[in-house]
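Q: Below are the structure tokens for one structure; questions will follow.
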Amino acid sequence: MFKYILKRFLMVIPVIIGVSFLVYFIISLTPGDPVKMMLGEEASEESIQEVRDELGLDKPIIVQYFKYISKLVRGDLGVSYRSKRPVLGEIVARFPITLKLTFWSMLVAIIIAVPLGIISATKQYTLTDSICSVAALIGAAVPNFWYGLMLIIWFSLGLGWFPSGGYEGIKSMVLPSITLGTTAAAIITRMTRSSMLEVVRQDYIRTAKAKGVNKKVVIRKHALRNALIPIVTVVGLQFGHMLGGMVLTETVFSIPGMGRLMVDSIKSKDTPMVLGCIITLATVFSLVNLCIDILYAFIDPRIKSVYK
Amino acid sequence: MENVEIGKDLLSKEEIIKKYKKRSQFWEVWRRLRKNKLAIIGLIIIILLAIVAIGADFIADYDTIVIKQNIKGRLQPPSSEHIFGTDEYGRDIFARLVHGTRVSLTVGLISVSIALIIGGFLGAIAGYYGNKIDNVIMRVMDIFLAVPNILLAIAIVSALGTSIINLMIAVGISSIPSYARIVRASVLSIKDQEFVEAARAIGSKDITIIISHIIPNSLAPVIVQATLGVANAILSTAAMSFIGLGIQPPAPEWGAMLSGGRTFLRDASHITIFPGIAIMITILSLNMLGDGLRDALDPKLK
């Protein structure tokens, strides 16, 4: 098992390096002089040149990138143009908020989606199935920033149950988690349904039913376990979507997380901050995918045996 | 005399067969698609939206109605004069939605085309040549896939600047990997089939084989992905405009309209509600059509 985890982990490292280069390259295309952004428009030519030399901005992009990455592995992501504080510090302050929100949203998504998908599959072509499928179809089409605003109109401005934004206590997390959770739930429901449908047609399910195993046990132990791989995969992918969707949800609900930090940084052309945010989020996403891969081995021993 | 008759008959029969054969695959798919009610509803809505997009200027004039501000008539609720009400600058929301259809569909189609051309090309090469080329291309695609789509698009727009063209490039580039993967997979399943071998045996060049034999035969999954891809592109466009990184006001874009109404949620929620419904209907119908096409094109279900 350890060997398997190590092997998967080693495969992630080149991807993370690649991602950092890709993002670094894209961001470096930003027009304008970063030094002027840092020092302000009134800075003298000499001081500008001094900083340019110091940062190595006249060197080729690949050299600059290596400088950036060698600082990055030491935990130095540069200094924000806007706040003049280290990028890493701000990210560390904001990231837990985003992570917490992702966690709650994923919980909402799984709690809604997996049971609905199972019910839909076991009662295929019934009214329940149709209702679930249509709901999932609509859920997948709703833009989540709009959905968030609708929730604010009803539950916050209308009924006054939850705050319309901000980040204070558990109450402020309810609407954002529902926003992100239900849209993800739509996708996960569809995947659960189709994956379960494929499994319940298998012979071993019929055998289990024939030998008189309780129907619920058949679903839980025989069918669900074998249908889990695609479900776990889609949950992992949804995690990535959520990290991306955070940019929108945090804007809608004025939550001071990383998504918000990134949007603000882009608007004020704070390149080191944008770079730091995207690299962090992409790294987290890669690590989540790694966890999903490792989880496969626990779900399906056949996958593990390949790596022995 | 009789022989000539038979000859004529045969010739015309051949023609008929040729005609019939060419049409049959299309008709077969259409026959199966037609049975799928959801897909047909989706298709009809998309056709209607396309008509609205093309004829937007006949419904409402761009300069005098869509972007001209009228502060006196701002934030009016829906009425017989303005069926969806007016926005924060007194512009008719219905007219703006109509013109927004044009913006969304255009951006959706063009960005998917960008992704399809580049991704399809890379995928075809990777699948056809295999080995090192395949490895290099697909590892690069893996790197692209490791960044959530919308973040990649945001990074590109933040670097290139906000404009409609940069937006299409950003949304397009960020979805290249999914097309590369799909095309590669279907090329892999086709390249060892007999008709490709036959083409190679008669001395066709690689590029001819790829363009005239492999690509046409691997289109089915690509069409499905492209249909769903347009939906995703429209959603991304709206999302980026919503956070101010997409299409800039006063251009009528659904996401930007939504964003404009945020300040007036309490008193004039209609500004926010209608553009969202427009986005939802568009995405929903594209998804329904895409799902239907997938079922109709899947030979396993025959």
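We name chains A, B, ... following the order of the structure tokens; residues begin at 1 in each chain, and ligands are numbered from 1 as shown.
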Do you have, as a tab-separated table, the list of residues of chain B lying at most 7 Å from chain A, each with its nearest atom pair and that distance in Å to one decimal, counting only C-alpha atoms and ordered by chain then number?
A:
residue	atom	partner	partner_atom	distance
B:Ile143	CA	A:Val19	CA	5.5
B:Ala146	CA	A:Ser286	CA	5.9
B:Val147	CA	A:Ala282	CA	4.9
B:Pro148	CA	A:Gly240	CA	5.6
B:Ile150	CA	A:Gly244	CA	5.7
B:Leu151	CA	A:Gly244	CA	5.7
B:Ala155	CA	A:Ile27	CA	6.5
B:Ile156	CA	A:Ile26	CA	6.1
B:Ser158	CA	A:Ile266	CA	6.1
B:Ala159	CA	A:Thr30	CA	4.0
B:Leu160	CA	A:Thr30	CA	6.0
B:Leu235	CA	A:Pro143	CA	6.7
B:Ile243	CA	A:Leu248	CA	6.9
B:Leu265	CA	A:Ile153	CA	6.6
B:Arg266	CA	A:Leu157	CA	6.6
B:Gly276	CA	A:Trp146	CA	5.7
B:Met280	CA	A:Val142	CA	5.2
B:Ile283	CA	A:Ala141	CA	5.3
B:Leu284	CA	A:Ala141	CA	5.1
Q: Write the residues of the preceding selection, restricted to all heavy atoms, as a CSV table (one decimal), in the first residue's frame.
A:
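Final output, saved to out_9.csv:
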chain,number,residue,atom,x,y,z
B,143,ILE,N,-1.5,18.6,-17.5
B,143,ILE,CA,-1.1,19.8,-16.7
B,143,ILE,C,-2.3,20.8,-16.8
B,143,ILE,O,-2.7,21.4,-15.9
B,143,ILE,CB,0.2,20.4,-17.2
B,143,ILE,CG1,1.3,19.5,-16.8
B,143,ILE,CG2,0.4,21.8,-16.7
B,143,ILE,CD1,2.7,19.8,-17.4
B,146,ALA,N,-5.1,19.9,-14.7
B,146,ALA,CA,-4.9,20.1,-13.2
B,146,ALA,C,-5.3,21.4,-12.7
B,146,ALA,O,-5.4,21.6,-11.5
B,146,ALA,CB,-3.4,19.8,-12.9
B,147,VAL,N,-5.6,22.4,-13.6
B,147,VAL,CA,-6.1,23.7,-13.2
B,147,VAL,C,-7.6,23.7,-13.5
B,147,VAL,O,-8.0,23.4,-14.6
B,147,VAL,CB,-5.4,24.8,-13.9
B,147,VAL,CG1,-5.7,26.1,-13.3
B,147,VAL,CG2,-3.9,24.6,-14.0
B,148,PRO,N,-8.4,23.9,-12.5
B,148,PRO,CA,-9.8,24.0,-12.7
B,148,PRO,C,-10.1,25.0,-13.9
B,148,PRO,O,-9.5,26.1,-13.9
B,148,PRO,CB,-10.4,24.5,-11.4
B,148,PRO,CG,-9.5,24.0,-10.4
B,148,PRO,CD,-8.1,24.0,-11.0
B,150,ILE,N,-12.3,27.2,-14.9
B,150,ILE,CA,-12.6,28.6,-14.8
B,150,ILE,C,-11.4,29.4,-14.3
B,150,ILE,O,-11.1,30.5,-14.7
B,150,ILE,CB,-13.8,28.8,-13.9
B,150,ILE,CG1,-14.2,30.3,-13.9
B,150,ILE,CG2,-13.6,28.3,-12.5
B,150,ILE,CD1,-15.6,30.6,-14.4
B,151,LEU,N,-10.5,28.7,-13.5
B,151,LEU,CA,-9.3,29.4,-13.0
B,151,LEU,C,-8.4,29.7,-14.1
B,151,LEU,O,-7.7,30.7,-14.2
B,151,LEU,CB,-8.6,28.6,-11.9
B,151,LEU,CG,-9.4,28.5,-10.5
B,151,LEU,CD1,-8.5,27.7,-9.5
B,151,LEU,CD2,-9.7,29.8,-10.0
B,155,ALA,N,-7.0,33.2,-15.3
B,155,ALA,CA,-5.6,33.5,-15.5
B,155,ALA,C,-5.3,34.1,-16.8
B,155,ALA,O,-4.6,35.1,-17.0
B,155,ALA,CB,-4.8,32.3,-15.2
B,156,ILE,N,-5.9,33.5,-17.9
B,156,ILE,CA,-5.6,34.0,-19.2
B,156,ILE,C,-6.2,35.4,-19.4
B,156,ILE,O,-5.5,36.3,-19.9
B,156,ILE,CB,-6.1,33.0,-20.3
B,156,ILE,CG1,-5.4,31.6,-20.2
B,156,ILE,CG2,-6.0,33.5,-21.7
B,156,ILE,CD1,-6.0,30.5,-21.0
B,158,SER,N,-6.9,37.6,-17.2
B,158,SER,CA,-6.2,38.6,-16.3
B,158,SER,C,-4.8,39.0,-17.0
B,158,SER,O,-4.4,40.1,-16.8
B,158,SER,CB,-6.0,38.1,-14.9
B,158,SER,OG,-5.0,37.2,-14.8
B,159,ALA,N,-4.3,38.1,-17.7
B,159,ALA,CA,-3.0,38.4,-18.4
B,159,ALA,C,-3.2,39.2,-19.7
B,159,ALA,O,-2.6,40.2,-19.9
B,159,ALA,CB,-2.2,37.1,-18.7
B,160,LEU,N,-4.2,38.7,-20.5
B,160,LEU,CA,-4.4,39.4,-21.8
B,160,LEU,C,-5.2,40.6,-21.7
B,160,LEU,O,-5.2,41.4,-22.6
B,160,LEU,CB,-5.0,38.4,-22.7
B,160,LEU,CG,-4.3,37.1,-23.0
B,160,LEU,CD1,-5.1,36.2,-24.0
B,160,LEU,CD2,-2.9,37.3,-23.6
B,235,LEU,N,-21.8,29.2,-19.9
B,235,LEU,CA,-21.8,29.4,-18.4
B,235,LEU,C,-20.5,30.1,-18.0
B,235,LEU,O,-20.6,31.0,-17.1
B,235,LEU,CB,-21.9,28.0,-17.8
B,235,LEU,CG,-22.5,27.9,-16.4
B,235,LEU,CD1,-23.8,28.5,-16.3
B,235,LEU,CD2,-22.6,26.4,-16.0
B,243,ILE,N,-18.1,38.4,-12.6
B,243,ILE,CA,-17.1,38.9,-11.7
B,243,ILE,C,-16.3,40.1,-12.3
B,243,ILE,O,-15.3,40.6,-11.8
B,243,ILE,CB,-16.1,37.9,-11.2
B,243,ILE,CG1,-15.6,37.0,-12.3
B,243,ILE,CG2,-16.8,37.0,-10.1
B,243,ILE,CD1,-14.6,36.0,-11.9
B,265,LEU,N,-31.1,44.0,-5.3
B,265,LEU,CA,-31.8,42.7,-5.0
B,265,LEU,C,-33.1,42.9,-4.3
B,265,LEU,O,-34.1,42.3,-4.5
B,265,LEU,CB,-30.9,41.8,-4.2
B,265,LEU,CG,-29.9,41.0,-4.9
B,265,LEU,CD1,-29.2,40.0,-4.0
B,265,LEU,CD2,-30.5,40.2,-6.1
B,266,ARG,N,-33.1,43.9,-3.3
B,266,ARG,CA,-34.3,44.0,-2.4
B,266,ARG,C,-35.4,44.7,-3.2
B,266,ARG,O,-36.6,44.3,-3.1
B,266,ARG,CB,-33.9,44.9,-1.2
B,266,ARG,CG,-34.9,44.8,-0.1
B,266,ARG,CD,-34.4,45.7,1.0
B,266,ARG,NE,-33.3,45.2,1.8
B,266,ARG,CZ,-33.4,44.3,2.8
B,266,ARG,NH1,-34.6,43.9,3.2
B,266,ARG,NH2,-32.3,43.9,3.4
B,276,GLY,N,-30.8,35.3,-15.3
B,276,GLY,CA,-30.4,33.9,-14.8
B,276,GLY,C,-31.3,32.9,-15.5
B,276,GLY,O,-30.8,31.8,-15.9
B,280,MET,N,-30.2,29.7,-17.7
B,280,MET,CA,-30.6,28.4,-17.4
B,280,MET,C,-31.2,27.7,-18.5
B,280,MET,O,-30.9,26.5,-18.8
B,280,MET,CB,-31.5,28.5,-16.2
B,280,MET,CG,-31.7,27.2,-15.5
B,280,MET,SD,-32.7,27.4,-14.0
B,280,MET,CE,-34.3,27.5,-14.7
B,283,ILE,N,-28.6,26.7,-21.2
B,283,ILE,CA,-27.8,25.6,-20.8
B,283,ILE,C,-28.6,24.3,-20.8
B,283,ILE,O,-28.1,23.2,-21.3
B,283,ILE,CB,-27.2,25.8,-19.4
B,283,ILE,CG1,-26.5,27.2,-19.3
B,283,ILE,CG2,-26.3,24.7,-18.9
B,283,ILE,CD1,-25.3,27.3,-20.0
B,284,LEU,N,-29.8,24.4,-20.2
B,284,LEU,CA,-30.6,23.2,-20.1
B,284,LEU,C,-30.9,22.6,-21.4
B,284,LEU,O,-30.8,21.4,-21.6
B,284,LEU,CB,-31.9,23.6,-19.4
B,284,LEU,CG,-32.9,22.5,-19.0
B,284,LEU,CD1,-32.2,21.6,-18.0
B,284,LEU,CD2,-34.2,23.1,-18.4
Q: Excluding Thr122 of chain A and its own-chain neighbours fewer than 5 positions away, which residues fall within 9 Å of it when counting only C-alpha atoms? Please give them as a list of chain:residue names.
A: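 Returned residues: A:Gly117, A:Asp129, A:Arg193, A:Met196, A:Leu197, A:Val200, A:Ile219.
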Q: Show me, as a PyMOL selection string, the residues that have an atom within 7 Å of segment 221-228 of chain B when counting only C-alpha atoms, minus same-chain residues fewer than 2 positions from it.
A: chain B and resi 112+182-183+218-219+230-232+286-287+290+293-294
Q: With all heavy atoms retained, write the just-selected residues as a compact mmCIF listing (two decimals), in the first residue's frame.
A:
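Printed below is again.txt as written:
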# COMPACT_ATOMS: atom_id res chain seq x y z
N VAL B 112 -15.81 27.25 -28.42
CA VAL B 112 -15.78 25.80 -28.63
C VAL B 112 -15.03 25.47 -29.92
O VAL B 112 -14.27 24.50 -29.97
CB VAL B 112 -17.21 25.21 -28.64
CG1 VAL B 112 -17.22 23.82 -29.21
CG2 VAL B 112 -17.76 25.20 -27.23
N ILE B 182 -10.86 13.22 -25.96
CA ILE B 182 -11.92 12.49 -26.66
C ILE B 182 -11.49 12.08 -28.06
O ILE B 182 -11.66 10.94 -28.47
CB ILE B 182 -13.20 13.34 -26.69
CG1 ILE B 182 -13.83 13.30 -25.31
CG2 ILE B 182 -14.17 12.84 -27.73
CD1 ILE B 182 -14.93 14.27 -25.13
N VAL B 183 -10.88 13.04 -28.78
CA VAL B 183 -10.46 12.71 -30.14
C VAL B 183 -9.39 11.63 -30.10
O VAL B 183 -9.44 10.67 -30.88
CB VAL B 183 -9.93 13.98 -30.87
CG1 VAL B 183 -9.32 13.61 -32.20
CG2 VAL B 183 -11.07 14.96 -31.07
N SER B 218 -14.55 9.48 -36.35
CA SER B 218 -14.49 9.63 -34.90
C SER B 218 -15.32 10.83 -34.45
O SER B 218 -15.18 11.32 -33.35
CB SER B 218 -13.04 9.76 -34.45
OG SER B 218 -12.42 10.81 -35.13
N LEU B 219 -16.20 11.30 -35.34
CA LEU B 219 -16.94 12.53 -35.05
C LEU B 219 -17.98 12.39 -33.93
O LEU B 219 -18.23 13.34 -33.20
CB LEU B 219 -17.62 13.04 -36.31
CG LEU B 219 -16.79 13.99 -37.17
CD1 LEU B 219 -17.62 14.49 -38.33
CD2 LEU B 219 -16.30 15.18 -36.34
N VAL B 230 -20.54 23.88 -25.66
CA VAL B 230 -21.11 25.21 -25.88
C VAL B 230 -21.83 25.65 -24.60
O VAL B 230 -21.70 26.81 -24.18
CB VAL B 230 -22.08 25.20 -27.08
CG1 VAL B 230 -22.79 26.54 -27.20
CG2 VAL B 230 -21.33 24.91 -28.37
N ALA B 231 -22.55 24.73 -23.99
CA ALA B 231 -23.23 25.06 -22.73
C ALA B 231 -22.22 25.52 -21.68
O ALA B 231 -22.40 26.55 -21.03
CB ALA B 231 -24.01 23.85 -22.23
N ASN B 232 -21.15 24.76 -21.53
CA ASN B 232 -20.13 25.13 -20.55
C ASN B 232 -19.50 26.48 -20.86
O ASN B 232 -19.25 27.27 -19.97
CB ASN B 232 -19.02 24.08 -20.52
CG ASN B 232 -19.43 22.91 -19.67
OD1 ASN B 232 -20.22 23.05 -18.74
ND2 ASN B 232 -18.91 21.74 -19.98
N LEU B 286 -29.24 22.94 -24.27
CA LEU B 286 -28.03 22.37 -24.88
C LEU B 286 -27.67 21.04 -24.23
O LEU B 286 -27.29 20.08 -24.90
CB LEU B 286 -26.86 23.34 -24.74
CG LEU B 286 -26.84 24.50 -25.74
CD1 LEU B 286 -25.88 25.58 -25.28
CD2 LEU B 286 -26.43 24.01 -27.12
N ASN B 287 -27.83 20.97 -22.90
CA ASN B 287 -27.54 19.71 -22.21
C ASN B 287 -28.50 18.60 -22.64
O ASN B 287 -28.10 17.46 -22.84
CB ASN B 287 -27.62 19.89 -20.70
CG ASN B 287 -26.40 20.59 -20.13
OD1 ASN B 287 -25.40 20.77 -20.83
ND2 ASN B 287 -26.48 21.00 -18.89
N GLY B 290 -27.50 17.52 -26.04
CA GLY B 290 -26.24 16.78 -25.97
C GLY B 290 -26.45 15.36 -25.46
O GLY B 290 -25.94 14.40 -26.04
N LEU B 293 -28.18 13.37 -28.15
CA LEU B 293 -27.26 13.01 -29.22
C LEU B 293 -26.37 11.86 -28.80
O LEU B 293 -26.08 10.95 -29.58
CB LEU B 293 -26.39 14.21 -29.60
CG LEU B 293 -27.00 15.23 -30.56
CD1 LEU B 293 -26.09 16.43 -30.69
CD2 LEU B 293 -27.22 14.60 -31.92
N ARG B 294 -25.93 11.89 -27.54
CA ARG B 294 -25.07 10.83 -27.06
C ARG B 294 -25.78 9.48 -27.19
O ARG B 294 -25.23 8.52 -27.70
CB ARG B 294 -24.68 11.08 -25.60
CG ARG B 294 -23.89 9.92 -25.01
CD ARG B 294 -23.57 10.15 -23.57
NE ARG B 294 -22.75 11.34 -23.42
CZ ARG B 294 -22.77 12.12 -22.35
NH1 ARG B 294 -23.58 11.85 -21.36
NH2 ARG B 294 -22.00 13.17 -22.26
Q: I'd like to know which of A:Phe9, A:Trp104, A:Tyr296, A:Tyr68 is closest to Met173 of chain A, using only C-alpha atoms.
A: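 Smallest separation from Met173 of chain A among the options: A:Trp104.
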Q: Would you please work out which residue, of A:Gly257, A:Pro115, A:Gly89, A:Pro301, is nearest to Ala185 of chain A when using only C-alpha atoms?
A: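 Among A:Gly257, A:Pro115, A:Gly89, A:Pro301, it is A:Pro115 that comes nearest to Ala185 of chain A.
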